[in-house]
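Q: The structure file target.cif (mmCIF, C-alpha atoms and all ligand atoms) is provided below.
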data_coords
loop_
_atom_site.label_atom_id
_atom_site.label_comp_id
_atom_site.auth_asym_id
_atom_site.auth_seq_id
_atom_site.Cartn_x
_atom_site.Cartn_y
_atom_site.Cartn_z
CA MET A 5 -26.54 42.28 3.58
CA PHE A 6 -23.29 43.81 2.39
CA ASN A 7 -20.38 41.46 2.83
CA ILE A 8 -18.04 44.45 3.05
CA GLU A 9 -18.73 44.41 6.80
CA ARG A 10 -17.56 40.83 7.10
CA THR A 11 -14.05 39.53 7.67
CA THR A 12 -12.38 38.07 4.59
CA LEU A 13 -10.07 35.06 4.69
CA THR A 14 -7.09 37.37 4.15
CA GLU A 15 -8.11 39.60 7.06
CA TYR A 16 -8.60 36.54 9.27
CA LEU A 17 -5.11 35.25 8.50
CA ILE A 18 -3.52 38.63 9.26
CA ALA A 19 -5.54 38.93 12.50
CA GLN A 20 -4.41 35.45 13.58
CA ARG A 21 -0.79 36.37 13.03
CA ARG A 22 -1.18 39.54 15.10
CA ALA A 23 -3.06 37.76 17.88
CA HIS A 24 -0.45 35.02 18.30
CA PRO A 25 3.08 36.35 18.67
CA GLY A 26 4.52 32.89 17.87
CA ALA A 27 2.73 32.76 14.53
CA THR A 28 4.87 33.96 11.66
CA GLY A 29 2.11 33.99 9.08
CA GLU A 30 4.69 32.68 6.64
CA PHE A 31 2.28 30.22 5.12
CA ASN A 32 -0.55 32.73 4.72
CA ALA A 33 0.21 33.23 1.05
CA LEU A 34 0.17 29.47 0.55
CA ILE A 35 -3.24 29.19 2.20
CA LEU A 36 -4.57 31.92 -0.08
CA GLN A 37 -3.23 29.99 -3.08
CA VAL A 38 -5.01 26.86 -1.87
CA ALA A 39 -8.18 28.91 -1.37
CA GLN A 40 -7.80 30.17 -4.94
CA ALA A 41 -7.61 26.56 -6.18
CA CYS A 42 -10.76 25.74 -4.20
CA LYS A 43 -12.61 28.68 -5.79
CA ALA A 44 -11.73 27.41 -9.25
CA ILE A 45 -12.75 23.83 -8.39
CA SER A 46 -15.99 25.12 -6.86
CA ARG A 47 -16.82 26.85 -10.13
CA ILE A 48 -16.24 23.72 -12.20
CA VAL A 49 -18.12 21.45 -9.79
CA ALA A 50 -21.06 23.89 -9.76
CA GLN A 51 -21.36 23.80 -13.56
CA GLY A 52 -22.11 20.08 -13.35
CA ALA A 53 -23.12 18.52 -16.64
CA LEU A 54 -22.97 21.92 -18.39
CA GLY A 55 -19.20 21.97 -17.92
CA GLY A 56 -18.73 18.62 -19.65
CA THR A 57 -16.59 17.48 -16.74
CA LEU A 58 -18.70 14.71 -15.22
CA GLY A 59 -18.02 11.02 -15.69
CA ALA A 60 -15.04 8.72 -15.47
CA LEU A 61 -11.78 8.49 -17.42
CA GLU A 62 -10.16 5.31 -18.65
CA THR A 63 -7.25 5.87 -16.28
CA GLN A 64 -6.61 4.66 -12.75
CA ASN A 65 -4.72 6.52 -10.06
CA VAL A 66 -1.84 5.08 -8.07
CA GLN A 67 -4.27 3.39 -5.70
CA GLY A 68 -6.06 1.49 -8.45
CA GLU A 69 -9.15 3.68 -8.35
CA THR A 70 -10.78 4.74 -11.58
CA GLN A 71 -10.21 8.45 -12.01
CA LYS A 72 -13.07 10.80 -12.64
CA LYS A 73 -12.50 13.67 -15.04
CA LEU A 74 -12.97 16.01 -12.12
CA ASP A 75 -10.26 14.23 -10.06
CA VAL A 76 -7.71 15.07 -12.73
CA ILE A 77 -8.96 18.61 -13.32
CA ALA A 78 -8.98 19.39 -9.59
CA ASP A 79 -5.48 17.97 -9.20
CA ASP A 80 -4.21 20.14 -12.04
CA ILE A 81 -5.85 23.23 -10.53
CA PHE A 82 -4.18 22.57 -7.16
CA LEU A 83 -0.76 22.21 -8.75
CA ARG A 84 -1.09 25.31 -10.89
CA ALA A 85 -2.36 27.44 -8.01
CA THR A 86 0.40 26.56 -5.57
CA HIS A 87 3.68 25.80 -7.35
CA TRP A 88 4.84 29.32 -8.14
CA GLY A 89 4.65 31.07 -4.77
CA GLY A 90 8.06 30.13 -3.40
CA ASP A 91 6.55 28.67 -0.22
CA LEU A 92 6.66 25.00 -1.15
CA ALA A 93 9.44 22.43 -1.31
CA GLY A 94 7.14 19.76 -2.74
CA MET A 95 3.64 18.37 -2.90
CA VAL A 96 1.89 15.06 -2.42
CA SER A 97 -1.45 14.42 -4.10
CA GLU A 98 -3.83 11.50 -3.96
CA GLU A 99 -3.52 11.35 -7.73
CA HIS A 100 0.28 10.93 -7.89
CA ASP A 101 2.42 8.02 -6.76
CA ALA A 102 5.49 10.06 -5.80
CA PRO A 103 5.93 13.59 -4.46
CA ILE A 104 5.45 16.20 -7.16
CA ALA A 105 8.58 18.22 -7.73
CA LEU A 106 8.29 21.92 -8.44
CA PRO A 107 9.09 23.00 -11.99
CA ARG A 108 12.73 23.83 -12.70
CA GLY A 109 13.55 27.40 -11.95
CA GLU A 110 10.92 27.83 -9.23
CA VAL A 111 12.16 28.77 -5.77
CA ARG A 112 11.99 25.93 -3.22
CA GLY A 113 10.39 27.06 0.03
CA LYS A 114 9.85 25.96 3.62
CA TYR A 115 6.58 24.04 3.44
CA LEU A 116 5.11 20.80 2.18
CA LEU A 117 1.57 20.49 0.88
CA ALA A 118 -0.37 17.22 0.88
CA PHE A 119 -3.82 17.20 -0.66
CA ASP A 120 -6.82 15.26 -1.85
CA PRO A 121 -7.87 17.52 -4.73
CA LEU A 122 -11.39 16.12 -4.96
CA ASP A 123 -12.74 14.09 -2.08
CA GLY A 124 -15.91 12.05 -2.52
CA SER A 125 -15.65 12.21 -6.29
CA SER A 126 -18.04 9.25 -6.69
CA ASN A 127 -20.65 11.82 -5.64
CA THR A 128 -20.07 14.28 -8.48
CA ASP A 129 -22.29 12.47 -10.97
CA VAL A 130 -25.20 12.52 -8.53
CA ASN A 131 -24.87 16.16 -7.44
CA VAL A 132 -24.00 15.42 -3.82
CA SER A 133 -21.44 17.45 -1.86
CA VAL A 134 -17.75 16.87 -2.56
CA GLY A 135 -14.67 18.67 -1.29
CA SER A 136 -10.92 19.23 -1.31
CA ILE A 137 -8.65 18.48 1.67
CA PHE A 138 -5.20 19.89 2.41
CA SER A 139 -2.43 19.60 4.99
CA ILE A 140 0.60 21.87 5.40
CA LEU A 141 3.81 20.63 7.03
CA ARG A 142 7.22 22.19 7.51
CA ALA A 143 9.83 20.93 5.06
CA PRO A 144 12.70 19.28 6.96
CA ARG A 145 15.07 20.54 4.27
CA ALA A 146 13.83 24.02 3.41
CA GLY A 147 14.93 25.33 0.05
CA ARG A 148 15.53 21.88 -1.48
CA ASP A 149 13.29 19.47 -3.36
CA ALA A 150 11.22 17.41 -0.94
CA ARG A 151 11.79 13.67 -0.75
CA ALA A 152 9.01 11.17 0.02
CA GLU A 153 10.30 10.61 3.55
CA ASP A 154 10.05 14.35 4.28
CA PHE A 155 6.25 13.98 4.21
CA LEU A 156 6.20 11.10 6.72
CA GLN A 157 5.58 13.32 9.75
CA PRO A 158 2.93 12.73 12.40
CA GLY A 159 -0.22 14.81 12.08
CA THR A 160 0.65 16.73 15.26
CA ARG A 161 3.33 18.51 13.18
CA GLN A 162 0.86 20.03 10.73
CA VAL A 163 1.06 23.82 10.82
CA ALA A 164 -2.26 24.24 9.05
CA ALA A 165 -4.99 22.08 7.60
CA GLY A 166 -8.39 22.49 6.08
CA TYR A 167 -10.94 21.55 3.53
CA ALA A 168 -13.30 23.15 1.08
CA ILE A 169 -16.79 21.73 0.74
CA TYR A 170 -18.66 22.21 -2.52
CA GLY A 171 -22.25 21.93 -1.38
CA PRO A 172 -25.28 24.19 -1.72
CA SER A 173 -22.77 26.84 -0.68
CA THR A 174 -19.00 26.53 -0.94
CA MET A 175 -17.18 26.78 2.37
CA LEU A 176 -13.57 26.73 3.47
CA VAL A 177 -12.91 25.32 6.94
CA LEU A 178 -9.45 26.02 8.28
CA THR A 179 -7.14 25.70 11.25
CA VAL A 180 -3.80 27.44 11.56
CA GLY A 181 -3.40 25.97 15.05
CA TYR A 182 -5.69 28.28 17.01
CA GLY A 183 -9.15 26.76 16.72
CA VAL A 184 -11.23 26.18 13.62
CA ALA A 185 -12.88 28.85 11.48
CA GLY A 186 -15.39 28.44 8.67
CA PHE A 187 -15.65 30.77 5.67
CA THR A 188 -18.48 30.93 3.17
CA PHE A 189 -17.73 31.75 -0.46
CA ASP A 190 -19.50 34.65 -2.13
CA PRO A 191 -19.23 33.64 -5.79
CA ILE A 192 -20.16 37.08 -7.11
CA ILE A 193 -17.46 38.94 -5.19
CA GLY A 194 -15.12 35.96 -5.31
CA GLU A 195 -14.20 36.03 -1.61
CA PHE A 196 -14.36 33.67 1.34
CA TYR A 197 -16.00 35.46 4.27
CA LEU A 198 -15.72 34.41 7.91
CA THR A 199 -19.14 33.07 8.89
CA HIS A 200 -18.27 30.44 11.55
CA PRO A 201 -15.56 32.02 13.72
CA GLU A 202 -15.07 29.32 16.34
CA LEU A 203 -16.38 25.89 15.50
CA ARG A 204 -16.76 23.56 18.49
CA ILE A 205 -17.92 19.96 18.45
CA PRO A 206 -20.23 19.02 21.34
CA ALA A 207 -18.75 16.22 23.47
CA GLN A 208 -21.95 14.21 23.30
CA THR A 209 -23.99 13.10 20.33
CA ARG A 210 -26.74 10.71 19.32
CA GLU A 211 -25.73 10.47 15.66
CA PHE A 212 -23.25 8.09 14.06
CA ALA A 213 -22.05 7.48 10.50
CA ILE A 214 -20.71 4.18 9.18
CA ASN A 215 -20.93 2.22 5.94
CA ALA A 216 -23.11 -0.65 7.17
CA SER A 217 -22.58 -2.64 3.98
CA ASN A 218 -19.16 -3.53 5.44
CA ALA A 219 -20.71 -4.89 8.65
CA ARG A 220 -19.61 -8.46 7.99
CA PHE A 221 -15.97 -7.33 8.01
CA TRP A 222 -16.10 -5.27 11.21
CA GLU A 223 -14.01 -6.17 14.21
CA PRO A 224 -15.88 -7.07 17.43
CA PRO A 225 -15.42 -3.69 19.20
CA VAL A 226 -16.97 -1.83 16.23
CA ARG A 227 -19.74 -4.40 16.00
CA ARG A 228 -20.45 -3.91 19.69
CA TYR A 229 -20.55 -0.13 19.37
CA VAL A 230 -22.95 -0.11 16.42
CA ASP A 231 -25.05 -2.88 17.92
CA GLU A 232 -25.51 -0.81 21.06
CA CYS A 233 -26.44 2.31 19.07
CA LEU A 234 -29.01 0.38 17.06
CA ALA A 235 -30.51 -1.13 20.19
CA GLY A 236 -31.65 2.40 21.05
CA ARG A 237 -33.61 3.33 24.13
CA SER A 238 -34.10 -0.24 25.27
CA GLY A 239 -30.39 -1.13 24.85
CA PRO A 240 -27.35 -0.47 27.03
CA ARG A 241 -27.05 3.13 25.77
CA GLU A 242 -30.61 3.91 26.84
CA ALA A 243 -30.98 6.36 23.97
CA ASP A 244 -32.12 6.32 20.36
CA PHE A 245 -29.46 7.11 17.75
CA ASN A 246 -29.66 8.47 14.22
CA MET A 247 -27.46 7.22 11.40
CA ARG A 248 -26.02 9.16 8.46
CA TRP A 249 -23.81 8.11 5.53
CA ILE A 250 -22.83 10.47 2.67
CA ALA A 251 -19.79 8.58 1.34
CA SER A 252 -17.80 11.81 1.21
CA LEU A 253 -15.32 12.32 4.04
CA VAL A 254 -15.47 16.10 3.73
CA ALA A 255 -19.26 16.16 3.94
CA GLU A 256 -19.23 13.83 6.98
CA ALA A 257 -16.56 15.94 8.72
CA HIS A 258 -18.48 19.11 7.93
CA ARG A 259 -21.71 17.82 9.42
CA ILE A 260 -19.85 16.75 12.56
CA LEU A 261 -18.14 20.14 12.87
CA MET A 262 -21.52 21.84 12.52
CA ARG A 263 -23.60 19.76 14.93
CA GLY A 264 -21.59 16.90 16.39
CA GLY A 265 -21.70 13.20 15.63
CA VAL A 266 -19.25 10.37 15.24
CA PHE A 267 -17.82 8.92 12.02
CA LEU A 268 -16.28 5.49 11.66
CA TYR A 269 -14.37 3.99 8.76
CA PRO A 270 -12.68 1.43 10.97
CA ARG A 271 -9.97 -1.06 10.29
CA ASP A 272 -11.74 -4.26 9.28
CA GLN A 273 -11.09 -7.91 8.50
CA ARG A 274 -11.52 -7.77 4.73
CA ASP A 275 -7.89 -7.53 3.68
CA PRO A 276 -5.07 -7.71 6.26
CA ALA A 277 -2.78 -5.90 3.82
CA ARG A 278 -5.09 -2.89 3.82
CA PRO A 279 -5.92 -1.82 7.36
CA GLY A 280 -8.57 0.79 6.78
CA ARG A 281 -9.77 2.77 3.82
CA LEU A 282 -8.86 6.41 4.30
CA ARG A 283 -5.44 7.86 3.62
CA LEU A 284 -3.44 9.11 6.55
CA LEU A 285 -1.46 11.99 5.04
CA TYR A 286 -4.09 13.91 3.11
CA GLU A 287 -7.40 12.69 4.56
CA CYS A 288 -7.12 11.54 8.20
CA ASN A 289 -4.41 13.94 9.40
CA PRO A 290 -5.93 17.20 8.12
CA ILE A 291 -9.48 16.21 9.11
CA GLY A 292 -8.11 14.93 12.42
CA LEU A 293 -6.39 18.24 13.19
CA LEU A 294 -9.58 20.18 12.45
CA ILE A 295 -11.63 17.86 14.65
CA GLU A 296 -9.19 18.07 17.57
CA GLN A 297 -8.85 21.84 17.21
CA ALA A 298 -12.65 22.02 17.49
CA GLY A 299 -12.61 20.04 20.74
CA GLY A 300 -13.46 16.65 19.23
CA ARG A 301 -11.30 13.55 19.05
CA ALA A 302 -9.65 11.83 16.05
CA SER A 303 -8.53 8.24 16.42
CA THR A 304 -7.62 5.06 14.60
CA GLY A 305 -10.14 3.44 16.93
CA ARG A 306 -7.25 2.54 19.21
CA GLU A 307 -5.02 5.59 19.49
CA PRO A 308 -4.91 9.26 18.45
CA VAL A 309 -4.50 9.39 14.70
CA LEU A 310 -2.35 12.52 14.82
CA GLU A 311 0.38 10.76 16.79
CA LEU A 312 0.97 7.98 14.26
CA ALA A 313 4.30 7.97 12.48
CA PRO A 314 3.37 7.55 8.80
CA GLU A 315 5.13 4.76 6.91
CA ALA A 316 4.10 5.52 3.34
CA LEU A 317 2.72 8.45 1.35
CA HIS A 318 -0.56 6.73 0.54
CA GLN A 319 -0.88 4.73 3.74
CA ARG A 320 -4.43 3.82 4.73
CA ILE A 321 -5.64 3.66 8.29
CA GLY A 322 -8.81 3.07 10.29
CA PHE A 323 -10.40 6.40 11.14
CA VAL A 324 -12.89 7.25 13.87
CA PHE A 325 -13.60 10.87 14.74
CA GLY A 326 -16.11 13.31 16.13
CA SER A 327 -17.73 13.97 19.47
CA ARG A 328 -15.20 13.24 22.19
CA ASP A 329 -17.32 11.02 24.46
CA GLU A 330 -18.26 8.64 21.64
CA VAL A 331 -14.74 8.35 20.22
CA GLU A 332 -13.37 7.65 23.71
CA ARG A 333 -16.05 4.99 24.18
CA ILE A 334 -15.05 3.31 20.91
CA GLU A 335 -11.38 3.36 21.98
CA ARG A 336 -12.39 1.83 25.31
CA TYR A 337 -14.27 -0.97 23.52
CA HIS A 338 -11.06 -1.75 21.62
CA ARG A 339 -9.20 -2.15 24.93
CA GLU A 340 -11.83 -4.22 26.72
CA PRO A 341 -11.97 -8.00 26.36
CA ILE A 342 -14.28 -9.15 23.59
CA ARG A 343 -17.62 -10.53 24.69
CA GLU A 344 -18.73 -13.52 22.70
CA GLU A 345 -21.89 -11.97 21.25
CA HIS A 346 -19.84 -9.29 19.46
CA ASP A 347 -17.56 -11.86 17.90
CA ILE A 348 -20.35 -13.39 15.88
CA PRO A 349 -20.61 -12.32 12.25
CA LEU A 350 -23.57 -10.04 11.74
CA PHE A 351 -25.58 -12.20 9.48
CA HIS A 352 -25.40 -15.29 11.61
CA ALA A 353 -28.33 -16.20 13.79
CA ARG A 354 -27.59 -13.75 16.61
CA GLY A 355 -26.08 -11.04 14.44
CA LEU A 356 -26.94 -7.41 14.13
CA PHE A 357 -29.73 -7.49 11.60
CA LEU A 358 -31.30 -10.84 12.42
CA HIS A 359 -31.99 -10.96 16.13
CA ASP A 360 -33.41 -14.20 17.34
MN MN A 401 -10.85 11.37 -0.60
MN MN A 402 -9.94 12.35 -4.17
#
Show how you would write the structure in this file as structure tokens.
A:
Amino acid sequence: MFNIERTTLTEYLIAQRRAHPGATGEFNALILQVAQACKAISRIVAQGALGGTLGALETQNVQGETQKKLDVIADDIFLRATHWGGDLAGMVSEEHDAPIALPRGEVRGKYLLAFDPLDGSSNTDVNVSVGSIFSILRAPRAGRDARAEDFLQPGTRQVAAGYAIYGPSTMLVLTVGYGVAGFTFDPIIGEFYLTHPELRIPAQTREFAINASNARFWEPPVRRYVDECLAGRSGPREADFNMRWIASLVAEAHRILMRGGVFLYPRDQRDPARPGRLRLLYECNPIGLLIEQAGGRASTGREPVLELAPEALHQRIGFVFGSRDEVERIERYHREPIREEHDIPLFHARGLFLHD
């Protein structure tokens, strides 16, 4: 198989611009810079222990999470790959409290980049898939340094979004607003080739993903949904369900884009000050746009995630996404009155795992 007959990422971007008269292709160079960063991160991740980059640092990021060496390396790679092109007015990274200003002397451009340089980094030490996530917005004040509030735009305003997954193969999954395309990296040639031209998520699924160790904190509608899935063929769903949990948002999103499914990291009752776990600007919005562009649905559990007006750069939110029918069902459960049995904590007598 000679990849010369395949479409490269660059060719895809040019073809998209030609196919859609409204598309300017102005951010194509920026996407190629992001792809370049992902290639470099892929290389380092693939070296594993041989690269001397596994393990944790002493430092914490702005969100109080212990940083892995790879978090910091991936962040640095993203910044170096994207700051010089003249397309950006500023960047937001999971690893930085405030927006990252471009170096003095660099041209300020029309776009904003928000990214999670290494998603699922707790998985690096155990050789499980990790990824990078990115979101591109228009800068409200093109040509000037971006302020924090410039990034607080609803996800519907993203002009492009995507992720790279560093798994058995490295892939880039991308939307520029006209569906979702997947590219597989050929590490010898150093190119991303179009291998999944039009990803579509089936509306129905019998597979769900949730961190069940948080079950005691779930709100009643989530408890009801999971309870009904677990009840299987003899329960109200009249079907057996499978469960998956990888603890890497990118890997979960990728599986769902490939074969359907539903993912929940819902708002829960653990800490009222922290409604949800995943970050709106550089996790939920870009993944949400990909999911919706592939015909799925992305929600807070209550409303479409892409329509939320962000309030802070590192805002966390409940996130439920995947096959449309299941996400709509979960939203419906949040609207319906709570039945008593779903308001009982899971480990009480009539709870989820201890049926009487
Ligand atoms: Mn992440
Ligand atoms: Mn991360």
Q: 7 Å from ligand MN 402 (chain A) is the threshold here; counting all atoms listed in the file, which polymer residues fall inside it? Answer as a list of chain:residue names.
A: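 For ligand MN 402 (chain A), the residues inside 7 Å are A:Asp75, A:Glu98, A:Asp120, A:Pro121, A:Leu122, A:Asp123, A:Gly124, A:Ser125.
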Q: Would you kindly return, as a list in words, each protein, DNA or RNA residue with an atom no farther than 6 Å from any atom of stretch 141-157 of chain A, considering only C-alpha atoms and excluding same-chain residues fewer than 6 positions away?
A: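 Skipping anything fewer than 6 positions along the chain leaves Ala93, Gly94, Pro103, Arg112, Gly113, Lys114, Tyr115, Leu116, Val163 and Pro314 of chain A.
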Q: Quick one: axis-aligned box around all listed atoms of stretch 299-307 of chain A, 3 Å on every side, centre and edge lengths in Å to one decimal, written as AutoDock Vina command-line options.
A:
--center_x -9.2 --center_y 11.3 --center_z 17.7 --size_x 14.4 --size_y 23.5 --size_z 12.1
Q: What is the distance between atom CA of A:Asp129 and atom CA of A:Ile48, in Å to one decimal?
A: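 Separating atom CA of A:Asp129 from atom CA of A:Ile48 is a distance of 12.8 Å.
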Q: Do you have the atom CA of A:Pro279-atom CA of A:Ile291 distance handy?
A: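 Answer for the atom CA of A:Pro279 to atom CA of A:Ile291 separation: 18.5 Å.
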Q: Could you produce a table of the residues of stretch 25-137 of chain A lying within 8 Å of stretch 173-195 of chain A, with the nearest pair of atoms per residue and their separation in Å rounded to one decimal, using all atoms listed in the file, ordered by chain and increasing residue number, as JSON lines?
A:
{"residue": "A:Ala39", "atom": "CA", "partner": "A:Leu176", "partner_atom": "CA", "distance": 7.6}
{"residue": "A:Lys43", "atom": "CA", "partner": "A:Gly194", "partner_atom": "CA", "distance": 7.7}
{"residue": "A:Ser46", "atom": "CA", "partner": "A:Thr174", "partner_atom": "CA", "distance": 6.8}
Q: Neighbourhood query: residues within 12 Å of (-29.5, 1.3, 19.7), file coordinates, counting all atoms listed in the file; return as a list in words.
A: Arg210, Glu211, Phe212, Arg227, Arg228, Tyr229, Val230, Asp231, Glu232, Cys233, Leu234, Ala235, Gly236, Arg237, Ser238, Gly239, Pro240, Arg241, Glu242, Ala243, Asp244, Phe245, Asn246, Met247, Leu356 and Phe357 of chain A
Q: Nearest to ligand MN 401 (chain A) among A:Arg306, A:His338, A:His258, A:Arg283, with distances taken over only C-alpha atoms and all ligand atoms: which residue is it?
A: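 Answer, going by the shortest atom-to-atom distance: A:Arg283.
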Q: Find the distance between atom CA of A:Thr57 and atom CA of A:Ile45 and write it in Å to one decimal.
A: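 Here the two named atoms are 11.2 Å from each other.
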Q: Skipping near chain neighbours, those fewer than 4 positions away, what residues fall within 8 Å of stretch 299-304 of chain A using all atoms listed in the file, listed as a list in words?
A: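 Skipping anything fewer than 4 positions along the chain leaves Arg204, Ile205, Pro206, Ala207, Pro270, Arg271, Gly292, Leu293, Ile295, Pro308, Val309, Leu310, Ile321, Gly322, Phe323, Val324, Phe325, Gly326, Ser327, Arg328, Val331, Glu332 and Glu335 of chain A.
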Q: Counting all atoms listed in the file, which of A:Ile18, A:Leu261, A:Leu74, A:Cys42 gets nearest to A:Gly55?
A: A:Leu74
Q: Can you work out which one of A:Val111, A:Arg333, A:Tyr170, A:Pro224 has the shortest atom-to-atom distance to A:Glu345, counting all atoms listed in the file?
A: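 Among A:Val111, A:Arg333, A:Tyr170, A:Pro224, it is A:Pro224 that comes nearest to A:Glu345.
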Q: Hey, which of A:Leu54, A:Ile250, A:Val134, A:Leu268 ends up closest to ligand MN 401 (chain A)? Count all atoms listed in the file.
A: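 Smallest distance to ligand MN 401 (chain A) is found for A:Val134.
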Q: With all atoms listed in the file as the basis for distance, which of A:Ile137, A:Ala257, A:Ala165, A:Leu36 is at the shortest distance from ligand MN 401 (chain A)?
A: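 Counting all atoms listed in the file, the residue closest to ligand MN 401 (chain A) is A:Ile137.
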Q: With only C-alpha atoms as the basis for distance, which of A:Trp249, A:Trp88, A:Phe82, A:Phe31 is at the shortest distance from A:Ala164?
A: A:Phe31
